[in-house]
Amino acid sequence: MTVRYFAYGSNLLAARLRERTPSARRIGRGRLSAHRLRWHKRGVVDGSGKCDASMNGDNADCVWGALFEIADTECAQLDSAEGLGRGYRNRPVRIETASGMLTAFAYVATPDAVDDTLAPFDWYRDLVVAGARESGLPDRYIGVLAAVRAVADPDHGRARHHRRLLGTARGRRRSMNTR
């Protein structure tokens, strides 16, 4: 059995998500209306800014993302990686897609984990941007993501560890373009 998951942060990058849930299969892209993407969720491990689909009730705002199907047996692994109960909760969301409305679950920040002074590490922002490109999100939205102010991670080993996924995504795009 599978469940639908709406990714809008670093899990947009398939290589990142598949590290956490090997069964993940992208099934399309969509948008979550009346929400705004914020980078204000405090990371459990490193304390830096992570993405949050913050509900604001303004239908002019939306968060773009990718829909994935994952095996329901892997949900606990994803919950653990995302920090469910430690700054994120999951909830059902209605996603607008090219083929109509779909329900999926998404992780959203809990109020105690929100800090508007946070900035993401540059590697995190770059994973989000690479995943947005890989998912075929609108160019204008990708431009907004790429323009987000980010800071260098003082832990160079951690930054290197996460950046290796960017090489994987570039390699996959190159091989797909040569077919």
# chains A, B, ... in the order shown; residues from 1 in each chain; ligands from 1
>>> closest_atom_pairs(of="region 89-163 of chain A", to="region 36-44 of chain A", cutoff="8 Å", atoms="only C-alpha atoms", output="Markdown table")
| residue | atom | partner | partner_atom | distance |
| --- | --- | --- | --- | --- |
| A:Ala109 | CA | A:Lys41 | CA | 6.0 |
| A:Ala113 | CA | A:Arg42 | CA | 5.4 |
| A:Val114 | CA | A:Lys41 | CA | 4.7 |
| A:Asp115 | CA | A:His40 | CA | 5.2 |
| A:Asp116 | CA | A:His40 | CA | 5.1 |
| A:Thr117 | CA | A:His40 | CA | 7.2 |
| A:Leu118 | CA | A:His40 | CA | 5.6 |
| A:Ala119 | CA | A:Trp39 | CA | 6.6 |
| A:Pro120 | CA | A:Trp39 | CA | 6.6 |
>>> select_by_dssp(residues="region 3-89 of chain A", states="strand (DSSP E)", output="ChimeraX atom specification")
/A:3-7,25-33,35-42,49-55,62-71,88-89
>>> residues_around(residues="Glu96 (chain A)", least_positions_apart="5", cutoff="12 Å", atoms="only C-alpha atoms", output="PyMOL selection string")
chain A and resi 6+28-34+62-67+101-104
>>> write_last_selection(atoms="C-alpha atoms", output="PDB file, in the first residue's frame")
ATOM      1  CA  PHE A   6       3.584  16.539  -0.729  1.00  0.00           C
ATOM      2  CA  GLY A  28       3.551  15.016 -10.359  1.00  0.00           C
ATOM      3  CA  ARG A  29       3.664  18.557  -9.172  1.00  0.00           C
ATOM      4  CA  GLY A  30       1.079  20.726  -7.519  1.00  0.00           C
ATOM      5  CA  ARG A  31       0.361  23.740  -5.399  1.00  0.00           C
ATOM      6  CA  LEU A  32      -0.965  24.286  -1.935  1.00  0.00           C
ATOM      7  CA  SER A  33      -3.094  27.446  -1.959  1.00  0.00           C
ATOM      8  CA  ALA A  34      -3.451  29.937   0.890  1.00  0.00           C
ATOM      9  CA  CYS A  62       0.761  29.246  -2.716  1.00  0.00           C
ATOM     10  CA  VAL A  63       3.498  26.746  -2.036  1.00  0.00           C
ATOM     11  CA  TRP A  64       4.572  24.697  -5.038  1.00  0.00           C
ATOM     12  CA  GLY A  65       5.839  21.186  -4.543  1.00  0.00           C
ATOM     13  CA  ALA A  66       5.987  17.632  -5.793  1.00  0.00           C
ATOM     14  CA  LEU A  67       3.676  14.753  -5.057  1.00  0.00           C
ATOM     15  CA  MET A 101      -7.417  18.156  -6.560  1.00  0.00           C
ATOM     16  CA  LEU A 102      -5.567  15.432  -4.654  1.00  0.00           C
ATOM     17  CA  THR A 103      -5.126  14.813  -0.957  1.00  0.00           C
ATOM     18  CA  ALA A 104      -1.659  14.105   0.418  1.00  0.00           C
TER      19      ALA A 104
END
>>> closest_residue(among="A:Tyr107, A:Thr97, A:Ala15, A:Phe68", to="Leu84 (chain A)", atoms="only C-alpha atoms")
A:Tyr107
>>> select_by_dssp(residues="chain A", states="alpha helix (DSSP H)", output="JSON, numbers by chain")
{"A": [14, 15, 16, 17, 18, 19, 20, 75, 76, 77, 78, 79, 80, 81, 82, 122, 123, 124, 125, 126, 127, 128, 129, 130, 131, 132, 133, 134, 139, 140, 141, 142, 143, 144, 145, 146, 156, 157, 158, 159, 160, 161, 162, 163, 164, 165, 166, 167, 168, 169, 170, 171, 172, 173, 174, 175, 176, 177]}
>>> residues_around(residues="Thr21 (chain A)", least_positions_apart="3", cutoff="12 Å", atoms="only C-alpha atoms", output="list of chain:residue names")
A:Thr2, A:Val3, A:Tyr5, A:Asn11, A:Ala14, A:Ala15, A:Arg16, A:Leu17, A:Arg18, A:Ala24, A:Arg25, A:Arg26, A:Phe68, A:Glu69, A:Ile70, A:Ala71, A:Asp72, A:Thr73, A:Glu74, A:Cys75, A:Ala76, A:Gln77, A:Leu78, A:Asp79, A:Ser80, A:Ala81, A:Glu82
>>> residues_around(residues="Gly131 (chain A)", least_positions_apart="4", cutoff="7 Å", atoms="only C-alpha atoms", output="list in words")
Ser10, Leu12, Leu13, Leu127 and Ser135 of chain A
>>> residues_around(residues="Asp126 (chain A)", least_positions_apart="4", cutoff="8 Å", atoms="only C-alpha atoms", output="list in words")
Asp122, Ala130, Ala146 and Leu166 of chain A
>>> write_last_selection(atoms="N, CA, C and O atoms", output="PDB file, in the first residue's frame")
ATOM      1  N   ASP A 122      23.351  27.268   3.179  1.00  0.00           N
ATOM      2  CA  ASP A 122      23.363  27.347   1.716  1.00  0.00           C
ATOM      3  C   ASP A 122      23.142  25.981   1.066  1.00  0.00           C
ATOM      4  O   ASP A 122      22.454  25.873   0.050  1.00  0.00           O
ATOM      5  N   ALA A 130      17.451  22.738  -6.354  1.00  0.00           N
ATOM      6  CA  ALA A 130      17.690  21.614  -7.280  1.00  0.00           C
ATOM      7  C   ALA A 130      16.457  20.721  -7.373  1.00  0.00           C
ATOM      8  O   ALA A 130      16.080  20.272  -8.462  1.00  0.00           O
ATOM      9  N   ALA A 146      15.791  30.514  -5.165  1.00  0.00           N
ATOM     10  CA  ALA A 146      17.237  30.707  -5.330  1.00  0.00           C
ATOM     11  C   ALA A 146      17.717  32.021  -4.712  1.00  0.00           C
ATOM     12  O   ALA A 146      18.888  32.138  -4.335  1.00  0.00           O
ATOM     13  N   LEU A 166      23.624  16.936  -4.594  1.00  0.00           N
ATOM     14  CA  LEU A 166      23.518  17.848  -5.736  1.00  0.00           C
ATOM     15  C   LEU A 166      24.264  17.277  -6.933  1.00  0.00           C
ATOM     16  O   LEU A 166      23.805  17.391  -8.067  1.00  0.00           O
TER      17      LEU A 166
END
>>> residues_around(residues="Asp153 (chain A)", least_positions_apart="3", cutoff="12 Å", atoms="only C-alpha atoms", output="VMD selection string")
chain A and resid 46 to 49 119 to 125 150 156 to 163
>>> atom_distance(atom1="CA of Gly136 (chain A)", atom2="CA of Ala53 (chain A)")
18.7 Å
>>> decode(residues="region 38-63 of chain A", atoms="N, CA, C and O atoms", output="PDB file, in the first residue's frame")
ATOM      1  N   ARG A  38       7.947  29.532   4.010  1.00  0.00           N
ATOM      2  CA  ARG A  38       8.800  30.260   4.957  1.00  0.00           C
ATOM      3  C   ARG A  38       9.987  29.370   5.289  1.00  0.00           C
ATOM      4  O   ARG A  38       9.883  28.150   5.231  1.00  0.00           O
ATOM      5  N   TRP A  39      11.086  29.957   5.646  1.00  0.00           N
ATOM      6  CA  TRP A  39      12.319  29.236   5.985  1.00  0.00           C
ATOM      7  C   TRP A  39      12.592  29.401   7.470  1.00  0.00           C
ATOM      8  O   TRP A  39      13.729  29.523   7.901  1.00  0.00           O
ATOM      9  N   HIS A  40      11.571  29.386   8.279  1.00  0.00           N
ATOM     10  CA  HIS A  40      11.657  29.762   9.688  1.00  0.00           C
ATOM     11  C   HIS A  40      11.538  28.594  10.671  1.00  0.00           C
ATOM     12  O   HIS A  40      11.497  28.810  11.871  1.00  0.00           O
ATOM     13  N   LYS A  41      11.490  27.380  10.168  1.00  0.00           N
ATOM     14  CA  LYS A  41      11.376  26.227  11.059  1.00  0.00           C
ATOM     15  C   LYS A  41      12.774  25.849  11.539  1.00  0.00           C
ATOM     16  O   LYS A  41      13.678  25.649  10.739  1.00  0.00           O
ATOM     17  N   ARG A  42      12.971  25.791  12.834  1.00  0.00           N
ATOM     18  CA  ARG A  42      14.281  25.472  13.419  1.00  0.00           C
ATOM     19  C   ARG A  42      14.596  23.995  13.200  1.00  0.00           C
ATOM     20  O   ARG A  42      13.849  23.109  13.620  1.00  0.00           O
ATOM     21  N   GLY A  43      15.714  23.732  12.532  1.00  0.00           N
ATOM     22  CA  GLY A  43      16.145  22.361  12.290  1.00  0.00           C
ATOM     23  C   GLY A  43      16.463  21.650  13.591  1.00  0.00           C
ATOM     24  O   GLY A  43      17.131  22.213  14.461  1.00  0.00           O
ATOM     25  N   VAL A  44      16.010  20.419  13.735  1.00  0.00           N
ATOM     26  CA  VAL A  44      16.210  19.643  14.958  1.00  0.00           C
ATOM     27  C   VAL A  44      17.687  19.371  15.197  1.00  0.00           C
ATOM     28  O   VAL A  44      18.184  19.513  16.311  1.00  0.00           O
ATOM     29  N   VAL A  45      18.411  19.018  14.156  1.00  0.00           N
ATOM     30  CA  VAL A  45      19.811  18.617  14.296  1.00  0.00           C
ATOM     31  C   VAL A  45      20.751  19.811  14.321  1.00  0.00           C
ATOM     32  O   VAL A  45      21.647  19.888  15.159  1.00  0.00           O
ATOM     33  N   ASP A  46      20.552  20.764  13.381  1.00  0.00           N
ATOM     34  CA  ASP A  46      21.548  21.829  13.225  1.00  0.00           C
ATOM     35  C   ASP A  46      21.072  23.227  13.604  1.00  0.00           C
ATOM     36  O   ASP A  46      21.854  24.169  13.601  1.00  0.00           O
ATOM     37  N   GLY A  47      19.792  23.400  13.917  1.00  0.00           N
ATOM     38  CA  GLY A  47      19.284  24.696  14.355  1.00  0.00           C
ATOM     39  C   GLY A  47      19.103  25.726  13.259  1.00  0.00           C
ATOM     40  O   GLY A  47      18.700  26.855  13.538  1.00  0.00           O
ATOM     41  N   SER A  48      19.376  25.378  12.011  1.00  0.00           N
ATOM     42  CA  SER A  48      19.231  26.333  10.908  1.00  0.00           C
ATOM     43  C   SER A  48      17.785  26.373  10.418  1.00  0.00           C
ATOM     44  O   SER A  48      16.954  25.548  10.813  1.00  0.00           O
ATOM     45  N   GLY A  49      17.486  27.322   9.547  1.00  0.00           N
ATOM     46  CA  GLY A  49      16.147  27.476   9.004  1.00  0.00           C
ATOM     47  C   GLY A  49      15.801  26.393   8.001  1.00  0.00           C
ATOM     48  O   GLY A  49      16.578  26.104   7.095  1.00  0.00           O
ATOM     49  N   LYS A  50      14.648  25.793   8.177  1.00  0.00           N
ATOM     50  CA  LYS A  50      14.121  24.786   7.255  1.00  0.00           C
ATOM     51  C   LYS A  50      12.782  25.286   6.716  1.00  0.00           C
ATOM     52  O   LYS A  50      12.159  26.187   7.277  1.00  0.00           O
ATOM     53  N   CYS A  51      12.317  24.692   5.645  1.00  0.00           N
ATOM     54  CA  CYS A  51      11.077  25.126   4.998  1.00  0.00           C
ATOM     55  C   CYS A  51       9.849  24.771   5.824  1.00  0.00           C
ATOM     56  O   CYS A  51       9.802  23.744   6.486  1.00  0.00           O
ATOM     57  N   ASP A  52       8.862  25.637   5.685  1.00  0.00           N
ATOM     58  CA  ASP A  52       7.557  25.423   6.297  1.00  0.00           C
ATOM     59  C   ASP A  52       6.501  25.958   5.345  1.00  0.00           C
ATOM     60  O   ASP A  52       6.634  27.064   4.821  1.00  0.00           O
ATOM     61  N   ALA A  53       5.457  25.183   5.110  1.00  0.00           N
ATOM     62  CA  ALA A  53       4.287  25.640   4.350  1.00  0.00           C
ATOM     63  C   ALA A  53       3.353  26.286   5.362  1.00  0.00           C
ATOM     64  O   ALA A  53       2.541  25.622   5.990  1.00  0.00           O
ATOM     65  N   SER A  54       3.513  27.570   5.520  1.00  0.00           N
ATOM     66  CA  SER A  54       2.794  28.317   6.544  1.00  0.00           C
ATOM     67  C   SER A  54       1.445  28.792   6.006  1.00  0.00           C
ATOM     68  O   SER A  54       1.393  29.546   5.033  1.00  0.00           O
ATOM     69  N   MET A  55       0.368  28.345   6.652  1.00  0.00           N
ATOM     70  CA  MET A  55      -0.967  28.751   6.219  1.00  0.00           C
ATOM     71  C   MET A  55      -1.186  30.215   6.569  1.00  0.00           C
ATOM     72  O   MET A  55      -0.937  30.637   7.689  1.00  0.00           O
ATOM     73  N   ASN A  56      -1.621  30.982   5.545  1.00  0.00           N
ATOM     74  CA  ASN A  56      -1.902  32.391   5.801  1.00  0.00           C
ATOM     75  C   ASN A  56      -3.298  32.802   5.344  1.00  0.00           C
ATOM     76  O   ASN A  56      -3.704  33.932   5.548  1.00  0.00           O
ATOM     77  N   GLY A  57      -4.037  31.916   4.700  1.00  0.00           N
ATOM     78  CA  GLY A  57      -5.398  32.201   4.306  1.00  0.00           C
ATOM     79  C   GLY A  57      -5.543  33.083   3.077  1.00  0.00           C
ATOM     80  O   GLY A  57      -6.661  33.337   2.630  1.00  0.00           O
ATOM     81  N   ASP A  58      -4.431  33.549   2.499  1.00  0.00           N
ATOM     82  CA  ASP A  58      -4.474  34.412   1.319  1.00  0.00           C
ATOM     83  C   ASP A  58      -4.401  33.535   0.072  1.00  0.00           C
ATOM     84  O   ASP A  58      -3.353  32.956  -0.229  1.00  0.00           O
ATOM     85  N   ASN A  59      -5.508  33.433  -0.662  1.00  0.00           N
ATOM     86  CA  ASN A  59      -5.544  32.560  -1.833  1.00  0.00           C
ATOM     87  C   ASN A  59      -4.612  32.995  -2.949  1.00  0.00           C
ATOM     88  O   ASN A  59      -4.379  32.242  -3.891  1.00  0.00           O
ATOM     89  N   ALA A  60      -4.064  34.214  -2.872  1.00  0.00           N
ATOM     90  CA  ALA A  60      -3.086  34.659  -3.864  1.00  0.00           C
ATOM     91  C   ALA A  60      -1.718  33.997  -3.623  1.00  0.00           C
ATOM     92  O   ALA A  60      -0.884  33.968  -4.516  1.00  0.00           O
ATOM     93  N   ASP A  61      -1.507  33.490  -2.425  1.00  0.00           N
ATOM     94  CA  ASP A  61      -0.237  32.830  -2.086  1.00  0.00           C
ATOM     95  C   ASP A  61      -0.367  31.326  -2.282  1.00  0.00           C
ATOM     96  O   ASP A  61      -1.441  30.754  -2.097  1.00  0.00           O
ATOM     97  N   CYS A  62       0.757  30.701  -2.620  1.00  0.00           N
ATOM     98  CA  CYS A  62       0.761  29.246  -2.716  1.00  0.00           C
ATOM     99  C   CYS A  62       2.174  28.725  -2.509  1.00  0.00           C
ATOM    100  O   CYS A  62       3.157  29.450  -2.662  1.00  0.00           O
ATOM    101  N   VAL A  63       2.240  27.475  -2.141  1.00  0.00           N
ATOM    102  CA  VAL A  63       3.498  26.746  -2.036  1.00  0.00           C
ATOM    103  C   VAL A  63       3.460  25.674  -3.116  1.00  0.00           C
ATOM    104  O   VAL A  63       2.546  24.856  -3.155  1.00  0.00           O
TER     105      VAL A  63
END
